[in-house]
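Visitor: One file is attached below, final_8.cif, containing mmCIF, C-alpha atoms.
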data_query
#
loop_
_atom_site.label_atom_id
_atom_site.label_comp_id
_atom_site.auth_asym_id
_atom_site.auth_seq_id
_atom_site.Cartn_x
_atom_site.Cartn_y
_atom_site.Cartn_z
CA MET A 1 -55.17 11.92 131.88
CA ARG A 2 -54.33 9.96 135.01
CA THR A 3 -51.56 10.94 137.36
CA LEU A 4 -49.66 8.61 139.65
CA ALA A 5 -51.70 10.01 142.54
CA ASP A 6 -54.82 8.54 140.90
CA VAL A 7 -53.36 5.05 140.72
CA LYS A 8 -54.20 2.89 143.74
CA LYS A 9 -52.45 -0.26 142.54
CA ASN A 10 -48.78 -1.22 142.70
CA GLU A 11 -48.16 -0.92 138.96
CA SER A 12 -46.89 2.64 138.83
CA VAL A 13 -43.44 4.20 138.71
CA LEU A 14 -42.06 7.73 138.57
CA PHE A 15 -39.14 8.40 136.22
CA ILE A 16 -36.70 11.20 137.11
CA THR A 17 -34.05 12.25 134.60
CA SER A 18 -31.68 15.13 134.01
CA GLN A 19 -30.84 13.93 130.49
CA LEU A 20 -33.88 12.47 128.74
CA ARG A 21 -32.97 9.86 126.12
CA GLN A 22 -34.61 7.06 124.16
CA ARG A 23 -34.00 4.67 127.05
CA GLU A 24 -36.70 6.29 129.20
CA ILE A 25 -39.06 6.59 126.24
CA LYS A 26 -38.71 2.89 125.37
CA MET A 27 -39.18 1.74 128.96
CA ALA A 28 -42.25 3.91 129.49
CA HIS A 29 -43.81 2.81 126.20
CA ALA A 30 -43.34 -0.89 127.00
CA LEU A 31 -44.49 -0.59 130.63
CA LYS A 32 -47.63 1.27 129.61
CA PHE A 33 -48.40 -1.53 127.15
CA LEU A 34 -48.31 -3.88 130.17
CA GLY A 35 -50.83 -1.67 131.99
CA TRP A 36 -48.43 0.32 134.14
CA SER A 37 -48.73 4.03 134.84
CA VAL A 38 -45.49 5.93 134.27
CA GLY A 39 -44.86 9.55 135.18
CA LEU A 40 -41.90 11.71 134.19
CA ILE A 41 -40.15 14.58 135.94
CA TYR A 42 -37.28 15.83 133.82
CA TYR A 43 -34.79 18.60 133.22
CA LYS A 44 -34.89 19.57 129.56
CA SER A 45 -31.28 19.18 128.45
CA THR A 46 -31.75 17.08 125.30
CA PRO A 47 -33.94 17.48 122.19
CA ILE A 48 -35.78 14.19 122.91
CA ASN A 49 -39.54 14.81 123.07
CA PRO A 50 -41.38 12.84 125.81
CA GLU A 51 -44.91 13.78 124.69
CA GLY A 52 -47.31 10.88 124.24
CA ASN A 53 -45.23 8.34 126.15
CA PHE A 54 -46.13 9.06 129.81
CA ASP A 55 -49.24 9.43 131.93
CA PHE A 56 -48.01 12.84 132.93
CA ILE A 57 -44.93 14.99 132.35
CA LYS A 58 -43.45 17.73 134.50
CA GLU A 59 -40.46 19.80 133.42
CA VAL A 60 -38.22 21.16 136.21
CA HIS A 61 -35.15 23.37 136.47
CA SER A 62 -33.27 21.71 139.33
CA ALA A 63 -32.90 18.53 141.35
CA ASP A 64 -34.35 20.29 144.37
CA GLN A 65 -37.52 21.22 142.45
CA ALA A 66 -37.83 17.67 141.11
CA HIS A 67 -37.54 16.29 144.63
CA LYS A 68 -40.20 18.65 146.04
CA ILE A 69 -42.69 17.71 143.32
CA ALA A 70 -42.01 14.00 143.78
CA GLN A 71 -42.48 14.36 147.52
CA ILE A 72 -46.00 15.74 147.01
CA MET A 73 -46.86 12.86 144.68
CA SER A 74 -45.75 10.05 147.05
CA PRO A 75 -44.99 7.48 144.32
CA ASN A 76 -44.65 3.73 144.91
CA LEU A 77 -41.24 3.66 143.26
CA ILE A 78 -38.76 6.14 141.78
CA HIS A 79 -36.38 5.32 138.91
CA VAL A 80 -33.65 7.95 138.46
CA PHE A 81 -31.70 8.01 135.19
CA SER A 82 -28.43 9.78 134.48
CA GLY A 83 -25.41 9.57 132.20
CA ALA A 84 -23.20 9.65 135.30
CA ILE A 85 -23.54 10.53 138.97
CA ASP A 86 -25.26 13.93 139.37
CA ASP A 87 -27.26 15.97 141.88
CA TYR A 88 -30.52 14.28 140.83
CA ILE A 89 -29.16 10.85 141.76
CA LEU A 90 -27.76 12.19 145.03
CA PHE A 91 -30.92 14.05 146.04
CA PHE A 92 -33.20 11.06 145.59
CA THR A 93 -30.89 8.49 147.19
CA GLU A 94 -30.09 10.58 150.26
CA LYS A 95 -33.55 12.12 150.76
CA LYS A 96 -35.72 9.12 150.06
CA ILE A 97 -39.40 9.58 149.32
CA ALA A 98 -39.91 5.99 148.13
CA PRO A 99 -37.68 3.08 147.10
CA VAL A 100 -35.13 4.39 144.58
CA VAL A 101 -33.68 2.59 141.56
CA ILE A 102 -30.70 4.31 139.97
CA ASP A 103 -29.69 3.90 136.34
CA LEU A 104 -26.25 5.09 135.20
CA ASN A 105 -24.79 5.07 131.70
CA ASP A 106 -21.26 5.23 133.14
CA VAL A 107 -20.18 4.04 136.59
CA PHE A 108 -17.34 6.26 137.76
CA THR A 109 -14.90 4.26 139.87
CA PRO A 110 -11.06 4.12 139.82
CA SER A 111 -10.93 0.74 138.04
CA LEU A 112 -13.17 1.91 135.20
CA MET A 113 -12.44 5.58 134.57
CA ASN A 114 -9.33 7.66 134.13
CA TYR A 115 -10.96 11.07 134.56
CA CYS A 116 -13.37 12.99 136.83
CA PRO A 117 -12.04 11.40 140.06
CA GLU A 118 -14.32 13.72 142.05
CA ARG A 119 -17.19 11.44 140.99
CA PHE A 120 -15.70 8.26 142.48
CA SER A 121 -16.77 8.69 146.11
CA LEU A 122 -20.18 10.09 145.12
CA THR A 123 -20.87 7.08 142.90
CA LYS A 124 -19.90 4.72 145.70
CA LYS A 125 -22.19 6.56 148.10
CA ALA A 126 -25.17 6.51 145.72
CA LEU A 127 -24.77 2.78 145.09
CA ALA A 128 -24.78 2.12 148.84
CA PHE A 129 -27.87 4.27 149.46
CA ALA A 130 -30.07 3.12 146.54
CA ASP A 131 -32.67 0.35 146.85
CA GLY A 132 -32.05 -0.93 143.35
CA PHE A 133 -29.68 -0.63 140.42
CA CYS A 134 -30.79 -0.99 136.80
CA ALA A 135 -27.54 -2.02 135.09
CA ARG A 136 -27.07 -1.22 131.43
CA ASP A 137 -24.00 -3.47 131.28
CA LEU A 138 -21.38 -5.15 133.51
CA GLN A 139 -19.67 -1.99 134.79
CA VAL A 140 -21.19 -2.21 138.24
CA LYS A 141 -20.03 -5.82 138.55
CA ARG A 142 -16.44 -4.62 138.05
CA ALA A 143 -17.03 -1.77 140.51
CA VAL A 144 -18.04 -4.30 143.17
CA LYS A 145 -15.27 -6.80 142.45
CA ILE A 146 -12.36 -4.37 142.00
CA ASP A 147 -13.42 -1.16 143.80
CA HIS A 148 -15.34 -2.92 146.60
CA CYS A 149 -18.49 -0.87 146.05
CA THR A 150 -21.64 -1.96 147.88
CA LEU A 151 -24.47 -2.96 145.56
CA PRO A 152 -28.10 -2.04 146.26
CA PRO A 153 -30.24 -4.99 147.45
CA LYS A 154 -32.02 -5.39 144.09
CA VAL A 155 -30.12 -5.41 140.77
CA ILE A 156 -31.30 -6.09 137.23
CA LEU A 157 -29.31 -6.28 134.00
CA PHE A 158 -31.30 -4.23 131.51
CA PRO A 159 -29.24 -3.00 128.54
CA GLU A 160 -30.48 -0.58 125.87
CA TYR A 161 -33.02 -2.64 123.96
CA CYS A 162 -34.26 -1.95 120.44
CA TRP A 163 -37.79 -1.18 119.25
CA ASN A 164 -37.90 -4.05 116.73
CA LYS A 165 -40.45 -2.21 114.62
CA ASN A 166 -38.99 -3.25 111.25
CA HIS A 167 -40.60 -6.54 110.32
CA SER A 168 -39.33 -6.73 106.72
CA LEU A 169 -35.73 -6.98 105.55
CA PRO A 170 -34.42 -3.76 103.97
CA ASN A 171 -33.69 -3.52 100.26
CA LYS A 172 -29.95 -3.07 99.81
CA LYS A 173 -28.39 -1.41 96.78
CA ASN A 174 -27.39 -4.08 94.32
CA ASN A 175 -23.78 -3.08 93.71
CA ASP A 176 -20.27 -3.81 94.93
CA GLU A 177 -20.03 -0.78 97.24
CA ILE A 178 -19.95 -1.37 101.02
CA HIS A 179 -21.26 1.29 103.40
CA ILE A 180 -20.42 1.24 107.12
CA VAL A 181 -22.25 3.62 109.46
CA SER A 182 -21.33 4.93 112.90
CA VAL A 183 -23.93 6.60 115.11
CA GLY A 184 -23.69 8.20 118.53
CA THR A 185 -20.81 9.31 120.71
CA ILE A 186 -17.21 8.48 119.86
CA SER A 187 -14.13 9.61 121.77
CA LEU A 188 -12.52 12.44 119.82
CA GLU A 189 -8.82 12.81 119.05
CA THR A 190 -9.35 16.58 119.14
CA TYR A 191 -9.42 16.32 122.93
CA GLY A 192 -6.75 13.66 123.27
CA MET A 193 -9.32 10.88 123.63
CA LEU A 194 -7.72 7.95 121.88
CA ASP A 195 -9.78 5.09 123.34
CA CYS A 196 -11.77 4.73 120.08
CA CYS A 197 -9.41 6.65 117.81
CA TYR A 198 -11.85 6.48 114.89
CA LEU A 199 -9.73 8.81 112.79
CA GLU A 200 -7.06 6.15 112.18
CA LEU A 201 -9.69 3.42 111.93
CA VAL A 202 -11.56 5.39 109.25
CA GLN A 203 -8.37 5.64 107.22
CA LEU A 204 -7.82 1.87 107.45
CA ILE A 205 -11.39 1.25 106.27
CA THR A 206 -11.50 3.80 103.47
CA ASN A 207 -8.09 2.69 102.19
CA GLN A 208 -9.88 -0.49 101.07
CA ASP A 209 -12.47 1.58 99.17
CA ILE A 210 -15.14 1.03 101.80
CA HIS A 211 -17.49 3.92 102.56
CA PHE A 212 -17.67 5.19 106.14
CA HIS A 213 -20.59 7.36 107.33
CA ILE A 214 -20.71 9.29 110.62
CA TYR A 215 -23.88 10.59 112.31
CA PRO A 216 -22.85 12.65 115.36
CA PRO A 217 -24.83 12.37 118.63
CA TRP A 218 -27.79 14.55 119.61
CA GLN A 219 -25.57 17.28 121.08
CA TYR A 220 -24.68 18.35 117.53
CA ALA A 221 -28.24 18.54 116.19
CA LYS A 222 -28.90 21.88 114.47
CA SER A 223 -32.25 22.10 116.25
CA HIS A 224 -30.56 21.64 119.63
CA ASN A 225 -30.28 25.22 120.88
CA MET A 226 -29.59 24.47 124.53
CA ALA A 227 -26.32 25.66 126.06
CA THR A 228 -23.62 23.04 125.46
CA ASN A 229 -19.87 23.10 124.98
CA THR A 230 -20.10 21.20 121.70
CA HIS A 231 -19.14 22.68 118.35
CA PHE A 232 -19.13 20.36 115.35
CA GLU A 233 -16.58 22.24 113.21
CA ARG A 234 -14.14 22.33 116.14
CA ASP A 235 -14.76 18.89 117.62
CA TYR A 236 -14.73 17.01 114.30
CA ALA A 237 -12.11 19.23 112.63
CA GLN A 238 -9.81 16.33 111.69
CA PHE A 239 -12.67 14.32 110.19
CA ILE A 240 -13.83 17.35 108.22
CA GLU A 241 -10.36 17.87 106.75
CA LEU A 242 -10.06 14.19 105.86
CA SER A 243 -13.47 14.16 104.17
CA LYS A 244 -12.34 16.95 101.81
CA VAL A 245 -9.72 14.67 100.26
CA ASN A 246 -11.28 11.25 100.92
CA PRO A 247 -14.41 10.49 98.86
CA TYR A 248 -15.16 7.43 101.03
CA LEU A 249 -15.67 9.41 104.25
CA HIS A 250 -19.11 10.97 104.67
CA LEU A 251 -20.13 13.30 107.53
CA HIS A 252 -23.84 13.79 108.12
CA ASP A 253 -25.99 16.06 110.26
CA SER A 254 -27.07 14.80 113.65
CA LEU A 255 -30.61 13.43 113.34
CA SER A 256 -33.51 12.85 115.69
CA PRO A 257 -34.09 9.20 116.69
CA GLU A 258 -37.08 9.05 114.34
CA LYS A 259 -35.14 10.39 111.34
CA LEU A 260 -32.14 8.20 112.15
CA ALA A 261 -34.35 5.12 112.13
CA GLU A 262 -35.45 6.04 108.61
CA VAL A 263 -31.96 6.41 107.11
CA LEU A 264 -29.94 3.64 108.80
CA PRO A 265 -31.45 0.67 106.89
CA GLN A 266 -29.80 1.89 103.68
CA TYR A 267 -26.35 0.99 105.06
CA ASP A 268 -24.68 -2.42 105.20
CA PHE A 269 -22.96 -2.58 108.62
CA GLY A 270 -22.91 -0.78 111.93
CA ILE A 271 -19.67 -0.41 113.89
CA ILE A 272 -18.43 -0.43 117.49
CA SER A 273 -14.76 -0.22 118.39
CA GLY A 274 -12.42 0.57 121.26
CA GLY A 275 -9.17 -0.36 122.97
CA CYS A 276 -7.63 -2.01 119.90
CA LYS A 277 -3.91 -1.27 119.52
CA GLU A 278 -3.95 -2.50 115.89
CA PHE A 279 -6.17 0.50 115.08
CA GLY A 280 -3.98 2.97 117.01
CA GLN A 281 -6.46 2.98 119.89
CA ARG A 282 -5.01 3.37 123.38
CA TYR A 283 -6.57 3.90 126.78
CA THR A 284 -6.72 7.52 127.93
CA HIS A 285 -10.04 8.45 129.53
CA TYR A 286 -11.27 4.89 129.96
CA LYS A 287 -9.55 1.88 131.47
CA PRO A 288 -9.48 -1.64 130.01
CA ALA A 289 -12.09 -2.80 132.55
CA TYR A 290 -14.52 -0.16 131.27
CA VAL A 291 -14.06 -1.02 127.60
CA ALA A 292 -14.47 -4.71 128.45
CA SER A 293 -17.64 -4.28 130.52
CA CYS A 294 -19.55 -1.38 128.89
CA TYR A 295 -22.51 -1.80 126.56
CA SER A 296 -23.01 0.40 123.51
CA GLY A 297 -26.55 1.74 123.18
CA ARG A 298 -26.00 2.12 119.43
CA ILE A 299 -26.45 -1.66 119.14
CA SER A 300 -30.19 -1.04 119.45
CA ASP A 301 -30.09 1.44 116.54
CA TYR A 302 -28.21 -1.03 114.36
CA LEU A 303 -30.62 -3.87 115.21
CA ASP A 304 -33.63 -1.74 114.32
CA ALA A 305 -31.95 -1.08 110.96
CA SER A 306 -31.24 -4.82 110.44
CA LEU A 307 -27.48 -4.27 110.35
CA PRO A 308 -24.80 -6.80 111.34
CA ILE A 309 -22.12 -5.13 113.43
CA LEU A 310 -18.37 -4.75 112.98
CA ILE A 311 -16.59 -5.03 116.32
CA ASN A 312 -13.21 -5.93 117.85
CA ASP A 313 -12.92 -8.37 120.74
CA GLU A 314 -11.46 -5.85 123.23
CA VAL A 315 -15.02 -4.55 123.67
CA VAL A 316 -15.70 -7.83 125.45
CA PHE A 317 -19.31 -7.57 126.66
CA ASN A 318 -20.58 -6.23 123.33
CA TYR A 319 -18.44 -8.66 121.33
CA LYS A 320 -19.61 -11.78 123.18
CA LEU A 321 -23.25 -10.72 123.05
CA LEU A 322 -23.19 -10.04 119.30
CA LYS A 323 -21.21 -13.22 118.62
CA HIS A 324 -23.79 -15.22 120.59
CA TYR A 325 -26.51 -14.02 118.21
CA GLY A 326 -24.34 -14.54 115.12
CA ILE A 327 -24.38 -10.88 114.07
CA SER A 328 -20.79 -9.86 114.85
CA VAL A 329 -18.16 -9.31 112.17
CA ASP A 330 -14.51 -9.31 113.28
CA LEU A 331 -13.35 -5.76 112.63
CA LYS A 332 -9.71 -6.79 112.86
CA GLY A 333 -10.07 -8.25 109.39
CA ILE A 334 -9.56 -4.71 108.11
CA ILE A 335 -5.80 -4.96 108.69
CA LYS A 336 -5.62 -7.67 106.02
CA PRO A 337 -6.24 -7.23 102.28
CA GLY A 338 -9.53 -8.40 100.77
CA PHE A 339 -11.75 -7.30 103.65
CA LYS A 340 -14.19 -5.60 101.29
CA VAL A 341 -14.82 -8.89 99.48
CA LYS A 342 -15.54 -10.61 102.82
CA LEU A 343 -18.04 -7.90 103.74
CA GLN A 344 -19.77 -8.28 100.38
CA ALA A 345 -20.27 -11.99 101.07
CA ILE A 346 -21.59 -11.33 104.59
CA ARG A 347 -23.99 -8.66 103.34
CA ASN A 348 -25.47 -11.10 100.84
CA ASP A 349 -25.72 -13.98 103.32
CA ALA A 350 -29.41 -14.68 104.06
CA ASN A 351 -28.49 -16.49 107.28
CA VAL A 352 -26.82 -13.36 108.67
CA GLN A 353 -29.97 -11.33 108.02
CA LYS A 354 -32.07 -14.01 109.74
CA ASN A 355 -29.69 -13.82 112.72
CA VAL A 356 -30.09 -10.04 112.89
CA ALA A 357 -33.88 -10.37 112.83
CA ASN A 358 -33.73 -12.97 115.61
CA ALA A 359 -31.44 -10.76 117.71
CA ALA A 360 -33.72 -7.76 117.21
CA SER A 361 -36.63 -9.82 118.49
CA LYS A 362 -34.80 -11.25 121.52
CA LEU A 363 -33.18 -7.89 122.39
CA SER A 364 -36.33 -5.80 121.99
CA ILE A 365 -37.87 -3.63 124.70
CA THR A 366 -41.27 -5.36 124.41
CA LYS A 367 -39.66 -8.79 124.86
CA ASN A 368 -37.92 -7.69 128.06
CA ALA A 369 -40.39 -5.22 129.61
CA SER A 370 -42.04 -7.90 131.76
CA ARG A 371 -38.69 -8.53 133.49
CA LEU A 372 -38.50 -4.86 134.38
CA ALA A 373 -42.09 -4.86 135.66
CA ARG A 374 -41.43 -7.90 137.88
CA TYR A 375 -38.28 -6.23 139.17
CA TYR A 376 -40.23 -3.09 140.11
CA LEU A 377 -42.95 -5.10 141.85
CA ASN A 378 -40.37 -7.04 143.82
CA ILE A 379 -38.92 -3.80 145.19
CA ILE A 380 -42.34 -2.29 145.93
CA GLN A 381 -43.52 -5.43 147.74
CA SER A 382 -40.26 -5.71 149.70
CA GLU A 383 -40.71 -2.14 150.87
CA LYS A 384 -44.28 -2.85 152.04
CA LYS A 385 -43.08 -5.84 154.06
CA LYS A 386 -40.59 -3.75 156.02
CA PRO A 387 -41.74 -3.18 159.60
CA LYS A 388 -42.91 0.37 160.17
CA GLN A 389 -41.20 2.14 163.03
CA ARG A 390 -43.78 3.47 165.48
CA LYS A 391 -42.87 6.52 167.46
CA THR A 392 -43.60 6.11 171.18
CA PHE A 393 -44.40 8.96 173.55
CA PHE A 394 -40.84 8.80 174.96
CA SER A 395 -39.18 8.86 171.54
CA ILE A 396 -41.26 11.90 170.53
CA LEU A 397 -40.41 13.65 173.80
CA LYS A 398 -36.71 12.82 173.34
CA SER A 399 -36.69 14.25 169.82
CA LEU A 400 -38.22 17.48 171.12
CA LEU A 401 -35.70 17.80 173.97
CA TYR A 402 -32.68 16.68 171.93
CA PRO A 403 -33.27 17.62 168.29
CA ILE A 404 -31.52 15.44 165.72
CA PRO A 405 -28.85 17.42 163.82
CA ASN A 406 -29.69 18.42 160.26
CA LYS A 407 -28.87 15.44 158.02
CA ASP A 408 -29.45 17.25 154.74
CA MET A 409 -27.16 16.30 151.89
CA VAL A 410 -23.66 17.72 151.99
CA VAL A 411 -21.62 17.29 148.81
#
Would you mind giving the structure from this file in structure tokens?
Guide:
Amino acid sequence: MRTLADVKKNESVLFITSQLRQREIKMAHALKFLGWSVGLIYYKSTPINPEGNFDFIKEVHSADQAHKIAQIMSPNLIHVFSGAIDDYILFFTEKKIAPVVIDLNDVFTPSLMNYCPERFSLTKKALAFADGFCARDLQVKRAVKIDHCTLPPKVILFPEYCWNKNHSLPNKKNNDEIHIVSVGTISLETYGMLDCCYLELVQLITNQDIHFHIYPPWQYAKSHNMATNTHFERDYAQFIELSKVNPYLHLHDSLSPEKLAEVLPQYDFGIISGGCKEFGQRYTHYKPAYVASCYSGRISDYLDASLPILINDEVVFNYKLLKHYGISVDLKGIIKPGFKVKLQAIRNDANVQKNVANAASKLSITKNASRLARYYLNIIQSEKKKPKQRKTFFSILKSLLYPIPNKDMVV
């Protein structure tokens, strides 16, 4: 097996992540198909298995260890992934080994977030220090416009793309029942997070005799034995109580990405919602600018399952994207009678299914991987064109007589 040290060409990149998810797996798979070499240094905090998707894999226990290993390898380019600003991002942007691209699920700035203010200045610093930013959505655009953050020189919009492995339309159950499915993270009323407020939304949906299915995120997987502060019975207590008296609400075990891909095609619609006052949703942890600019990674799961998506227009970026492809269904229809009949007609509409198939193709990782590869090469080539600073005899002598103070990271 090759390592990045064996690769003499430009087409190689080193992934660093403290929270391995499908995003890294998809990118590596698609880049390798294009002939790239992709290495992975990661902290094992999720049940996602990276085996078989990288040229080499190294598990570490800290950002410092990851940085030391990367330093020995001398990669052409480093891509650091994280859910939010963390010590991995900070280490690699402040102690650069090679050009650094950062990739954040959530951009913590005052205009976007209403919690964890200690992350605001660190996020701003990392954005200023990085060489590139791989944007999953439009959050960083708001951070620049409203919070006056400095963007890295090279930016690419690269949302969570789907696999697009399903080439045939799924066989739906031939009956009048409608089944909506929600996957991934939702804000929980248990902790006063009312931005999604799915509890009230579920009641609106099930009151019209529409089935609602919930698959919790990976943190709740029974096989996930790593230390977390999640506890399904506590966190989803209100949903559990409702399901005992409501035959239309169904709670399922958290599944691996592979298992989830197998079960989702049996449902009729996916769902994304947030910031909608008609559903009892109100901004607590997130601000309107965040809800308007964020992108939901679950869109890729729904596309792979050939599902049109229920969504309200407050989730602006998602809503406009899905509407553009003709696969959005206005969720606000639920506040009017007869919504179930409308969903039955949409489910049986062949044109809608064709639109979903088209969207899955256009929004697939293989369709967009070449953009990412060109983006990487642009950064690598720009770095090579930078003039190298040569140390003269006098500069070396000066550094010996007047040592530069330690500029190690201070957080």
Visitor: Residues proximal to (-22.9, 3.6, 106.1) were defined as those with any atom within 9 Å of that point in the file's coordinates, counting all atoms listed in the file. Which are they, as a list in words?
Guide: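 Counting all atoms listed in the file, I find these residues within 9 Å of (-22.9, 3.6, 106.1): Ile178, His179, Ile180, Val181, Ser182, His211, Phe212, His213, Ile214, His250, Leu264, Gln266, Tyr267, Asp268, Phe269 and Gly270 of chain A.
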Visitor: Env of Ala28 (chain A): 10 Å cut, atoms = all atoms listed in the file, seq-sep filter 5 positions within chain, self excluded. Answer as a list in words.
Guide: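 Neighbouring residues, sequence-local ones excluded: Val13, Leu14, Phe15, Gln22, Arg23, Phe33, Leu34, Trp36, Ser37, Val38, Gly39, Leu40, Pro50, Asn53, Phe54, Asp55, Ile365 and Ala369 of chain A.
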Visitor: Write out, as a compact mmCIF listing (two decimals), in the frame of the given file, the residues just selected, with C-alpha atoms.
Guide:
# COMPACT_ATOMS: atom_id res chain seq x y z
CA VAL A 13 -43.44 4.20 138.71
CA LEU A 14 -42.06 7.73 138.57
CA PHE A 15 -39.14 8.40 136.22
CA GLN A 22 -34.61 7.06 124.16
CA ARG A 23 -34.00 4.67 127.05
CA PHE A 33 -48.40 -1.53 127.15
CA LEU A 34 -48.31 -3.88 130.17
CA TRP A 36 -48.43 0.32 134.14
CA SER A 37 -48.73 4.03 134.84
CA VAL A 38 -45.49 5.93 134.27
CA GLY A 39 -44.86 9.55 135.18
CA LEU A 40 -41.90 11.71 134.19
CA PRO A 50 -41.38 12.84 125.81
CA ASN A 53 -45.23 8.34 126.15
CA PHE A 54 -46.13 9.06 129.81
CA ASP A 55 -49.24 9.43 131.93
CA ILE A 365 -37.87 -3.63 124.70
CA ALA A 369 -40.39 -5.22 129.61
Visitor: If you measure from CA of Lys385 (chain A) to CA of Asn76 (chain A), what distance in Å do you get, rounded to one decimal?
Guide: 13.3 Å
Visitor: Counting only C-alpha atoms, what is within 10 Å of region 107-122 of chain A, bar same-chain residues fewer than 2 positions away, as number ranges by chain?
Guide: A: 83-87, 89-90, 103-105, 124-128, 135, 137-140, 142-149, 283-294, 411
Visitor: Give me the result of the PyMOL selection byres ((chain A and resi 304) around 9) on this file, residue by residue, as a PDB file with C-alpha atoms, in the coordinates of the input.
Guide:
ATOM      1  CA  CYS A 162     -34.260  -1.950 120.440  1.00  0.00           C
ATOM      2  CA  TRP A 163     -37.790  -1.180 119.250  1.00  0.00           C
ATOM      3  CA  ASN A 164     -37.900  -4.050 116.730  1.00  0.00           C
ATOM      4  CA  LYS A 165     -40.450  -2.210 114.620  1.00  0.00           C
ATOM      5  CA  ASN A 166     -38.990  -3.250 111.250  1.00  0.00           C
ATOM      6  CA  ALA A 261     -34.350   5.120 112.130  1.00  0.00           C
ATOM      7  CA  LEU A 264     -29.940   3.640 108.800  1.00  0.00           C
ATOM      8  CA  PRO A 265     -31.450   0.670 106.890  1.00  0.00           C
ATOM      9  CA  ILE A 299     -26.450  -1.660 119.140  1.00  0.00           C
ATOM     10  CA  SER A 300     -30.190  -1.040 119.450  1.00  0.00           C
ATOM     11  CA  ASP A 301     -30.090   1.440 116.540  1.00  0.00           C
ATOM     12  CA  TYR A 302     -28.210  -1.030 114.360  1.00  0.00           C
ATOM     13  CA  LEU A 303     -30.620  -3.870 115.210  1.00  0.00           C
ATOM     14  CA  ALA A 305     -31.950  -1.080 110.960  1.00  0.00           C
ATOM     15  CA  SER A 306     -31.240  -4.820 110.440  1.00  0.00           C
ATOM     16  CA  LEU A 307     -27.480  -4.270 110.350  1.00  0.00           C
ATOM     17  CA  ALA A 357     -33.880 -10.370 112.830  1.00  0.00           C
ATOM     18  CA  ALA A 360     -33.720  -7.760 117.210  1.00  0.00           C
TER      19      ALA A 360
END
Visitor: Rank A:Glu59, A:Asp106, A:Glu278, A:Asp64 by their smallest atom-to-atom distance to Tyr295 (chain A), using all atoms listed in the file, and report the top residue only.
Guide: A:Asp106
Visitor: Which residue gives the smallest distance to Lys332 (chain A) among A:Gly275, A:Gly297, A:Ala359, A:Ile102, with only C-alpha atoms counted?
Guide: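 Answer, going by the shortest atom-to-atom distance: A:Gly275.
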Visitor: Quote the spacing between CA of Ala237 (chain A) and CA of Leu255 (chain A) in Å to one decimal place.
Guide: 19.4 Å
Visitor: Could you tell me how far CA of Lys342 (chain A) lies from CA of Asn318 (chain A), in Å and to one decimal?
Guide: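 Separation of CA of Lys342 (chain A) and CA of Asn318 (chain A): 21.6 Å.
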Visitor: Name the closest residue to Thr46 (chain A) among the candidates A:Phe133, A:Phe279, A:Phe91, A:Trp218; distances are taken between atoms, counting all atoms listed in the file.
Guide: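 Residue with the minimum atom-to-atom distance to Thr46 (chain A): A:Trp218.
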Visitor: Set the distance at 7 Å and use all atoms listed in the file: which residues neighbour Tyr43 (chain A) once local chain neighbours fewer than 4 positions away are removed? I'd like the list as an MDAnalysis selection string.
Guide: chainID A and resid 17:19 59:61
Visitor: Could you write out as a PyMOL selection string the residues that the PyMOL selection byres ((chain A and resi 154) around 9) matches in the shown file?
Guide: chain A and resi 101+131-134+151-153+155-156+375+378-379
